[in-house]
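Participant: Got a structure for you, final_27.cif, holding mmCIF, C-alpha atoms.
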data_protein
#
loop_
_atom_site.group_PDB
_atom_site.id
_atom_site.type_symbol
_atom_site.label_atom_id
_atom_site.label_comp_id
_atom_site.auth_asym_id
_atom_site.auth_seq_id
_atom_site.Cartn_x
_atom_site.Cartn_y
_atom_site.Cartn_z
ATOM 1 C CA MET A 1 74.749 92.249 108.241
ATOM 2 C CA ILE A 2 74.679 95.598 110.031
ATOM 3 C CA GLY A 3 78.477 95.676 110.112
ATOM 4 C CA ALA A 4 78.643 94.789 106.421
ATOM 5 C CA LEU A 5 76.210 97.584 105.540
ATOM 6 C CA LEU A 6 78.223 100.121 107.546
ATOM 7 C CA MET A 7 81.433 99.092 105.769
ATOM 8 C CA ILE A 8 79.956 99.081 102.270
ATOM 9 C CA ALA A 9 78.063 102.373 102.651
ATOM 10 C CA PRO A 10 81.086 104.633 101.865
ATOM 11 C CA VAL A 11 81.862 102.544 98.771
ATOM 12 C CA ILE A 12 78.287 102.919 97.516
ATOM 13 C CA TRP A 13 78.422 106.666 98.199
ATOM 14 C CA ILE A 14 81.665 106.991 96.205
ATOM 15 C CA ILE A 15 80.194 105.089 93.251
ATOM 16 C CA GLU A 16 77.013 107.191 93.396
ATOM 17 C CA SER A 17 79.097 110.379 93.378
ATOM 18 C CA ALA A 18 81.117 109.101 90.411
ATOM 19 C CA PHE A 19 77.983 108.685 88.274
ATOM 20 C CA GLY A 20 76.084 111.639 89.754
ATOM 21 C CA GLN A 21 76.540 115.409 90.003
ATOM 22 C CA ASP A 22 78.791 117.394 92.331
ATOM 23 C CA ALA A 23 75.785 119.257 93.704
ATOM 24 C CA THR A 24 74.201 116.067 95.063
ATOM 25 C CA ALA A 25 77.399 114.576 96.477
ATOM 26 C CA TYR A 26 77.262 116.658 99.667
ATOM 27 C CA LYS A 27 73.544 116.236 100.379
ATOM 28 C CA LEU A 28 72.498 115.081 103.845
ATOM 29 C CA PRO A 29 71.199 112.493 104.162
ATOM 30 C CA PRO A 30 73.278 111.179 101.260
ATOM 31 C CA THR A 31 71.646 109.811 98.138
ATOM 32 C CA TRP A 32 72.410 106.189 97.303
ATOM 33 C CA TRP A 33 71.436 106.271 93.650
ATOM 34 C CA PRO A 34 72.291 109.009 91.105
ATOM 35 C CA VAL A 35 69.268 110.946 89.865
ATOM 36 C CA ASN A 36 70.618 111.410 86.342
ATOM 37 C CA PRO A 37 73.505 108.950 86.001
ATOM 38 C CA SER A 38 76.147 109.821 83.442
ATOM 39 C CA LEU A 39 79.777 109.161 82.520
ATOM 40 C CA ASP A 40 80.769 112.837 82.431
ATOM 41 C CA ASN A 41 83.034 112.557 85.481
ATOM 42 C CA PHE A 42 84.878 109.611 83.966
ATOM 43 C CA ASN A 43 85.288 111.421 80.648
ATOM 44 C CA ARG A 44 86.789 114.469 82.368
ATOM 45 C CA VAL A 45 89.220 112.300 84.307
ATOM 46 C CA PHE A 46 90.532 110.593 81.166
ATOM 47 C CA GLU A 47 90.645 113.879 79.263
ATOM 48 C CA GLN A 48 92.694 115.735 81.867
ATOM 49 C CA LEU A 49 94.970 112.932 83.096
ATOM 50 C CA ARG A 50 96.667 109.948 81.475
ATOM 51 C CA PHE A 51 94.660 107.557 83.593
ATOM 52 C CA GLU A 52 95.113 104.706 81.145
ATOM 53 C CA VAL A 53 98.876 104.961 81.753
ATOM 54 C CA PHE A 54 98.351 104.797 85.527
ATOM 55 C CA ILE A 55 96.156 101.718 85.114
ATOM 56 C CA PHE A 56 98.719 100.018 82.865
ATOM 57 C CA ASN A 57 101.541 100.783 85.311
ATOM 58 C CA SER A 58 99.562 99.348 88.216
ATOM 59 C CA LEU A 59 98.701 96.219 86.233
ATOM 60 C CA LYS A 60 102.334 95.800 85.211
ATOM 61 C CA VAL A 61 103.754 96.181 88.717
ATOM 62 C CA THR A 62 101.015 94.230 90.495
ATOM 63 C CA THR A 63 101.048 91.329 88.032
ATOM 64 C CA ALA A 64 104.837 91.026 88.200
ATOM 65 C CA ILE A 65 104.802 90.991 92.007
ATOM 66 C CA THR A 66 101.946 88.477 92.131
ATOM 67 C CA LEU A 67 103.593 86.048 89.715
ATOM 68 C CA GLY A 68 106.937 86.452 91.455
ATOM 69 C CA GLN A 69 105.470 85.684 94.861
ATOM 70 C CA LEU A 70 103.660 82.618 93.559
ATOM 71 C CA ILE A 71 107.000 81.236 92.363
ATOM 72 C CA THR A 72 109.249 82.189 95.275
ATOM 73 C CA CYS A 73 106.732 81.531 98.051
ATOM 74 C CA SER A 74 105.641 78.155 96.697
ATOM 75 C CA THR A 75 109.199 76.877 96.290
ATOM 76 C CA ALA A 76 110.238 78.113 99.745
ATOM 77 C CA ALA A 77 107.070 76.740 101.333
ATOM 78 C CA TYR A 78 107.669 73.372 99.676
ATOM 79 C CA ALA A 79 111.176 73.233 101.126
ATOM 80 C CA PHE A 80 109.963 74.096 104.633
ATOM 81 C CA ALA A 81 106.986 71.716 104.473
ATOM 82 C CA ARG A 82 108.344 68.623 102.687
ATOM 83 C CA LEU A 83 112.153 68.628 102.710
ATOM 84 C CA HIS A 84 114.554 67.906 105.580
ATOM 85 C CA PHE A 85 117.712 69.966 106.064
ATOM 86 C CA PRO A 86 119.688 71.254 109.083
ATOM 87 C CA GLY A 87 118.261 74.334 110.797
ATOM 88 C CA LYS A 88 114.946 74.228 108.937
ATOM 89 C CA ASP A 89 112.808 75.244 111.911
ATOM 90 C CA LYS A 90 115.196 78.039 112.946
ATOM 91 C CA LEU A 91 115.319 79.448 109.413
ATOM 92 C CA PHE A 92 111.530 79.359 109.217
ATOM 93 C CA ALA A 93 111.250 81.181 112.552
ATOM 94 C CA ILE A 94 113.658 83.877 111.312
ATOM 95 C CA LEU A 95 111.642 84.243 108.112
ATOM 96 C CA ILE A 96 108.341 84.570 109.969
ATOM 97 C CA SER A 97 109.870 87.131 112.354
ATOM 98 C CA ALA A 98 110.133 89.468 109.358
ATOM 99 C CA LEU A 99 106.351 89.895 109.642
ATOM 100 C CA LEU A 100 106.984 91.906 112.813
ATOM 101 C CA ILE A 101 108.919 94.582 110.902
ATOM 102 C CA PRO A 102 106.679 97.217 109.263
ATOM 103 C CA SER A 103 107.539 98.445 105.801
ATOM 104 C CA GLN A 104 107.992 102.000 107.103
ATOM 105 C CA VAL A 105 111.082 100.829 108.992
ATOM 106 C CA THR A 106 112.792 99.386 105.911
ATOM 107 C CA ILE A 107 111.802 102.001 103.335
ATOM 108 C CA VAL A 108 114.848 104.242 103.906
ATOM 109 C CA PRO A 109 117.485 101.501 103.450
ATOM 110 C CA LEU A 110 115.453 100.169 100.517
ATOM 111 C CA PHE A 111 115.435 103.632 98.932
ATOM 112 C CA ILE A 112 119.207 103.961 99.387
ATOM 113 C CA LEU A 113 119.763 100.492 97.907
ATOM 114 C CA MET A 114 117.610 101.157 94.864
ATOM 115 C CA ARG A 115 119.332 104.477 94.228
ATOM 116 C CA TYR A 116 122.732 102.794 94.576
ATOM 117 C CA LEU A 117 121.699 100.129 92.056
ATOM 118 C CA GLY A 118 120.388 102.765 89.646
ATOM 119 C CA LEU A 119 116.815 101.492 89.932
ATOM 120 C CA TYR A 120 115.306 104.570 91.552
ATOM 121 C CA ASN A 121 112.490 106.026 89.443
ATOM 122 C CA THR A 122 111.915 102.710 87.702
ATOM 123 C CA HIS A 123 109.262 100.080 88.197
ATOM 124 C CA TRP A 124 111.967 97.634 89.286
ATOM 125 C CA SER A 125 112.228 99.567 92.537
ATOM 126 C CA LEU A 126 108.602 98.599 93.215
ATOM 127 C CA ILE A 127 108.863 94.995 92.026
ATOM 128 C CA LEU A 128 112.122 93.541 93.350
ATOM 129 C CA ALA A 129 111.653 93.883 97.127
ATOM 130 C CA PRO A 130 108.140 92.336 97.354
ATOM 131 C CA LEU A 131 109.040 89.299 95.220
ATOM 132 C CA VAL A 132 109.446 87.291 98.437
ATOM 133 C CA SER A 133 106.722 87.422 101.083
ATOM 134 C CA PRO A 134 107.099 85.829 104.541
ATOM 135 C CA PHE A 135 103.314 85.747 104.834
ATOM 136 C CA GLY A 136 103.041 83.965 101.496
ATOM 137 C CA VAL A 137 105.595 81.361 102.552
ATOM 138 C CA PHE A 138 103.740 80.801 105.820
ATOM 139 C CA LEU A 139 100.344 80.523 104.123
ATOM 140 C CA LEU A 140 101.514 78.011 101.511
ATOM 141 C CA ARG A 141 103.584 75.998 103.996
ATOM 142 C CA GLN A 142 100.544 75.506 106.208
ATOM 143 C CA TYR A 143 98.541 74.335 103.214
ATOM 144 C CA PHE A 144 101.287 72.018 101.953
ATOM 145 C CA LEU A 145 101.369 70.346 105.374
ATOM 146 C CA THR A 146 97.742 69.277 104.900
ATOM 147 C CA ILE A 147 98.623 67.268 101.760
ATOM 148 C CA PRO A 148 99.312 63.629 102.722
ATOM 149 C CA LYS A 149 102.996 62.750 102.546
ATOM 150 C CA GLU A 150 102.049 59.280 101.346
ATOM 151 C CA LEU A 151 101.634 60.856 97.909
ATOM 152 C CA ASP A 152 105.320 61.845 97.974
ATOM 153 C CA ASP A 153 106.367 58.329 98.953
ATOM 154 C CA ALA A 154 104.238 56.788 96.214
ATOM 155 C CA VAL A 155 105.882 58.773 93.421
ATOM 156 C CA ARG A 156 109.366 58.406 94.912
ATOM 157 C CA ILE A 157 109.028 54.674 94.384
ATOM 158 C CA ASP A 158 108.753 55.425 90.669
ATOM 159 C CA GLY A 159 111.943 57.481 90.822
ATOM 160 C CA ALA A 160 110.466 60.982 91.071
ATOM 161 C CA GLY A 161 112.662 63.708 92.526
ATOM 162 C CA ALA A 162 111.851 66.697 94.697
ATOM 163 C CA PHE A 163 111.063 69.009 91.782
ATOM 164 C CA THR A 164 108.788 66.429 90.143
ATOM 165 C CA ILE A 165 106.833 66.063 93.397
ATOM 166 C CA TYR A 166 106.595 69.851 93.733
ATOM 167 C CA TRP A 167 105.473 70.398 90.144
ATOM 168 C CA HIS A 168 103.183 67.424 89.540
ATOM 169 C CA ILE A 169 101.823 66.674 93.028
ATOM 170 C CA ILE A 170 101.973 69.698 95.344
ATOM 171 C CA LEU A 171 101.070 72.527 92.964
ATOM 172 C CA PRO A 172 98.060 70.822 91.310
ATOM 173 C CA LEU A 173 96.615 70.070 94.774
ATOM 174 C CA SER A 174 97.233 73.598 96.092
ATOM 175 C CA GLY A 175 94.934 75.604 93.852
ATOM 176 C CA PRO A 176 92.922 77.233 96.689
ATOM 177 C CA ALA A 177 96.039 78.347 98.581
ATOM 178 C CA LEU A 178 97.793 79.649 95.462
ATOM 179 C CA THR A 179 94.647 81.512 94.399
ATOM 180 C CA THR A 180 94.292 83.019 97.867
ATOM 181 C CA LEU A 181 97.878 84.238 97.850
ATOM 182 C CA ALA A 182 97.429 85.674 94.361
ATOM 183 C CA ILE A 183 94.263 87.561 95.356
ATOM 184 C CA LEU A 184 95.702 88.952 98.587
ATOM 185 C CA THR A 185 98.948 89.977 96.872
ATOM 186 C CA PHE A 186 97.160 91.577 93.940
ATOM 187 C CA ILE A 187 94.801 93.575 96.169
ATOM 188 C CA TYR A 188 97.560 94.744 98.523
ATOM 189 C CA TRP A 189 99.982 95.955 95.854
ATOM 190 C CA TRP A 190 97.231 97.338 93.629
ATOM 191 C CA ASN A 191 96.268 99.648 96.501
ATOM 192 C CA ASP A 192 99.813 100.381 97.670
ATOM 193 C CA LEU A 193 100.567 104.106 97.830
ATOM 194 C CA PHE A 194 103.474 104.314 100.262
ATOM 195 C CA THR A 195 106.199 102.585 98.220
ATOM 196 C CA PRO A 196 105.469 104.336 94.881
ATOM 197 C CA LEU A 197 105.288 107.647 96.728
ATOM 198 C CA ILE A 198 108.915 107.171 97.816
ATOM 199 C CA MET A 199 110.339 105.475 94.721
ATOM 200 C CA ILE A 200 108.580 107.191 91.802
ATOM 201 C CA ASN A 201 108.311 110.837 90.787
ATOM 202 C CA LYS A 202 108.040 110.634 86.978
ATOM 203 C CA ALA A 203 104.507 111.196 85.700
ATOM 204 C CA GLU A 204 104.744 108.425 83.111
ATOM 205 C CA LEU A 205 105.662 105.875 85.815
ATOM 206 C CA LEU A 206 102.966 106.696 88.368
ATOM 207 C CA THR A 207 100.765 103.863 89.542
ATOM 208 C CA LEU A 208 97.010 104.273 89.933
ATOM 209 C CA PRO A 209 96.933 105.017 93.706
ATOM 210 C CA LEU A 210 99.639 107.623 93.240
ATOM 211 C CA GLY A 211 97.848 109.069 90.227
ATOM 212 C CA LEU A 212 94.688 109.457 92.302
ATOM 213 C CA THR A 213 96.485 111.950 94.535
ATOM 214 C CA ILE A 214 96.674 114.338 91.575
ATOM 215 C CA LEU A 215 92.896 114.604 91.201
ATOM 216 C CA PRO A 216 92.120 116.837 94.233
ATOM 217 C CA GLY A 217 94.863 119.265 93.218
ATOM 218 C CA ARG A 218 93.786 119.287 89.579
ATOM 219 C CA TYR A 219 90.060 119.782 90.123
ATOM 220 C CA GLY A 220 89.834 121.167 93.651
ATOM 221 C CA ALA A 221 88.059 119.789 96.689
ATOM 222 C CA ALA A 222 84.648 120.829 95.390
ATOM 223 C CA ALA A 223 84.854 118.587 92.304
ATOM 224 C CA LEU A 224 84.043 115.455 94.253
ATOM 225 C CA GLY A 225 82.518 113.714 91.250
ATOM 226 C CA ASN A 226 85.814 113.647 89.364
ATOM 227 C CA VAL A 227 87.715 112.375 92.400
ATOM 228 C CA ALA A 228 85.041 109.744 93.007
ATOM 229 C CA ALA A 229 85.269 108.636 89.375
ATOM 230 C CA GLY A 230 89.009 108.050 89.759
ATOM 231 C CA ILE A 231 88.496 106.123 92.987
ATOM 232 C CA THR A 232 85.788 104.002 91.344
ATOM 233 C CA ILE A 233 88.141 103.111 88.516
ATOM 234 C CA ALA A 234 90.632 101.908 91.121
ATOM 235 C CA ILE A 235 88.299 99.860 93.317
ATOM 236 C CA VAL A 236 85.918 98.226 90.842
ATOM 237 C CA PRO A 237 88.492 95.783 89.336
ATOM 238 C CA VAL A 238 89.524 94.648 92.818
ATOM 239 C CA ILE A 239 85.903 94.124 93.881
ATOM 240 C CA ILE A 240 85.182 92.083 90.748
ATOM 241 C CA VAL A 241 88.248 89.873 91.238
ATOM 242 C CA PHE A 242 87.399 89.315 94.901
ATOM 243 C CA LEU A 243 83.735 88.464 94.269
ATOM 244 C CA ILE A 244 84.653 85.942 91.583
ATOM 245 C CA LEU A 245 87.405 84.184 93.551
ATOM 246 C CA GLN A 246 86.322 84.629 97.172
ATOM 247 C CA ARG A 247 85.358 80.957 97.555
ATOM 248 C CA TYR A 248 89.010 79.985 97.132
ATOM 249 C CA ILE A 249 89.974 82.247 100.033
ATOM 250 C CA ILE A 250 87.384 80.633 102.311
ATOM 251 C CA ARG A 251 88.452 77.128 101.272
ATOM 252 C CA SER A 252 92.122 77.896 101.803
ATOM 253 C CA PHE A 253 91.752 79.401 105.280
ATOM 254 C CA ALA A 254 89.415 76.550 106.270
ATOM 255 C CA THR A 255 92.035 73.926 105.414
ATOM 256 C CA THR A 256 95.306 75.614 106.402
ATOM 257 C CA GLY A 257 94.352 75.452 110.082
ATOM 258 C CA LEU A 258 93.943 71.679 110.087
ATOM 259 C CA LYS A 259 97.628 70.876 110.568
ATOM 260 C CA GLY A 260 100.566 73.006 111.738
#
I'd like the structure from this file rewritten - as structure tokens, please.
Facilitator:
Amino acid sequence: MIGALLMIAPVIWIIESAFGQDATAYKLPPTWWPVNPSLDNFNRVFEQLRFEVFIFNSLKVTTAITLGQLITCSTAAYAFARLHFPGKDKLFAILISALLIPSQVTIVPLFILMRYLGLYNTHWSLILAPLVSPFGVFLLRQYFLTIPKELDDAVRIDGAGAFTIYWHIILPLSGPALTTLAILTFIYWWNDLFTPLIMINKAELLTLPLGLTILPGRYGAAALGNVAAGITIAIVPVIIVFLILQRYIIRSFATTGLKG
């Protein structure tokens, strides 16, 4: 509980500053509840910047990546977990080894590739590369292994093929794992700053994290309330999604370790 309070304290301070006044934001000890709460900071942010465009761009990119990973990772995980083909274990080991490579190492060749394809300064440069996730494949494969294979044999007797088993048996039983992957993917790419910083420089294409970097330069370091309002806009949707769906994450991680 002490650790949780220490971690949540900066978030509470940011939210208090967003609804409070700049004069009280720097008080020591900090105040945890605004004296005269108002929406003035939020109004100024939307008046000075096209924040609704940043939010739409982030939703567009993040939703596309999340849906893409659910499709590609689930199909790949199904192949590695339920099908038999030569070199399966070696291919899976090569795929998992990609987790050892940080994104900072691959960003330069990715930038060159996107510019060569004419996708630089488009949202496709943010969407295409993350459509496949080694972590997502690993997570779903571990969950698929916990589903009894007797279910596959039972429907094969009735003439069902691999896709029918995947669509009608595996996916309906994998709700917790699919929800967990969707939440983790959405949160990660919603907060991603590094890739848009390299790939995007048009104002109308900026995502929300990249748009937040404009606030200190526009208002100055002293206008903490406006900056805090922008940060609150970015973090509140993620917190709401996590609080609503957190039980699926716990259920998924509790079951994926049962069989490997």
Participant: Write out as JSON, numbers by chain which residues come within 7 Å of Leu208 in chain A when counting only C-alpha atoms, dropping same-chain ones fewer than 2 positions away.
Facilitator: {"A": [54, 55, 58, 206, 210, 211, 212, 234]}
Participant: Enumerate, as a count of residues only, the residues matched when the PyMOL selection byres ((chain A and resi 181-186) around 10) is run on the file above.
Facilitator: 41
Participant: Which residues would end up in the selection if the PyMOL selection byres ((chain A and resi 43) around 12) were applied here, given that I need the answer as a PDB file with C-alpha atoms, in the coordinates of the input?
Facilitator:
ATOM      1  CA  ALA A  18      81.117 109.101  90.411  1.00  0.00           C
ATOM      2  CA  PHE A  19      77.983 108.685  88.274  1.00  0.00           C
ATOM      3  CA  SER A  38      76.147 109.821  83.442  1.00  0.00           C
ATOM      4  CA  LEU A  39      79.777 109.161  82.520  1.00  0.00           C
ATOM      5  CA  ASP A  40      80.769 112.837  82.431  1.00  0.00           C
ATOM      6  CA  ASN A  41      83.034 112.557  85.481  1.00  0.00           C
ATOM      7  CA  PHE A  42      84.878 109.611  83.966  1.00  0.00           C
ATOM      8  CA  ARG A  44      86.789 114.469  82.368  1.00  0.00           C
ATOM      9  CA  VAL A  45      89.220 112.300  84.307  1.00  0.00           C
ATOM     10  CA  PHE A  46      90.532 110.593  81.166  1.00  0.00           C
ATOM     11  CA  GLU A  47      90.645 113.879  79.263  1.00  0.00           C
ATOM     12  CA  GLN A  48      92.694 115.735  81.867  1.00  0.00           C
ATOM     13  CA  LEU A  49      94.970 112.932  83.096  1.00  0.00           C
ATOM     14  CA  ARG A  50      96.667 109.948  81.475  1.00  0.00           C
ATOM     15  CA  PHE A  51      94.660 107.557  83.593  1.00  0.00           C
ATOM     16  CA  GLU A  52      95.113 104.706  81.145  1.00  0.00           C
ATOM     17  CA  GLY A 225      82.518 113.714  91.250  1.00  0.00           C
ATOM     18  CA  ASN A 226      85.814 113.647  89.364  1.00  0.00           C
ATOM     19  CA  ALA A 229      85.269 108.636  89.375  1.00  0.00           C
ATOM     20  CA  GLY A 230      89.009 108.050  89.759  1.00  0.00           C
ATOM     21  CA  ILE A 233      88.141 103.111  88.516  1.00  0.00           C
TER      22      ILE A 233
END
Participant: Which residues match the PyMOL selection byres ((chain A and resi 110) around 12) in the file above, as a ChimeraX atom specification?
Facilitator: /A:103-109,111-117,119-120,125-130,195,198-199
Participant: Any idea what the distance is between CA of Trp124 in chain A and CA of Lys60 in chain A?
Facilitator: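 Taking CA of Trp124 in chain A and CA of Lys60 in chain A, their separation equals 10.6 Å.
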Participant: Select, from A:Ile240, A:Ala76, A:Val11, A:Ala81, the residue with the minimum atom-to-atom distance to Lys149 in chain A, counting all atoms listed in the file.
Facilitator: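 With all atoms listed in the file as the atom set, the closest residue is A:Ala81.
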Participant: Using CA of Phe56 in chain A and CA of Ile200 in chain A as the two end points, give the distance in Å to one decimal.
Facilitator: 15.1 Å
Participant: For Leu151 in chain A, find every residue with an atom within 12 Å (counting all atoms listed in the file), except residues of its own chain fewer than 2 positions away, and show them as number ranges by chain.
Facilitator: A: 82, 144, 146-149, 153-158, 160, 164-166, 168-170, 173
Participant: Find the residue from A:Leu100, A:Pro209, A:Asp152, A:Gly20 that sits nearest to Phe194 in chain A; use only C-alpha atoms when measuring.
Facilitator: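 Smallest separation from Phe194 in chain A among the options: A:Pro209.
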Participant: What does the distance between CA of Pro37 in chain A and CA of Ile2 in chain A come to in Å, to one decimal place?
Facilitator: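 That distance, rounded to one decimal, is 27.5 Å.
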Participant: Counting all atoms listed in the file, which residue out of A:Pro134, A:Thr232, A:Thr213, A:Leu83 sits closest to Pro10 in chain A?
Facilitator: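 Nearest candidate to Pro10 in chain A out of A:Pro134, A:Thr232, A:Thr213, A:Leu83: A:Thr232.
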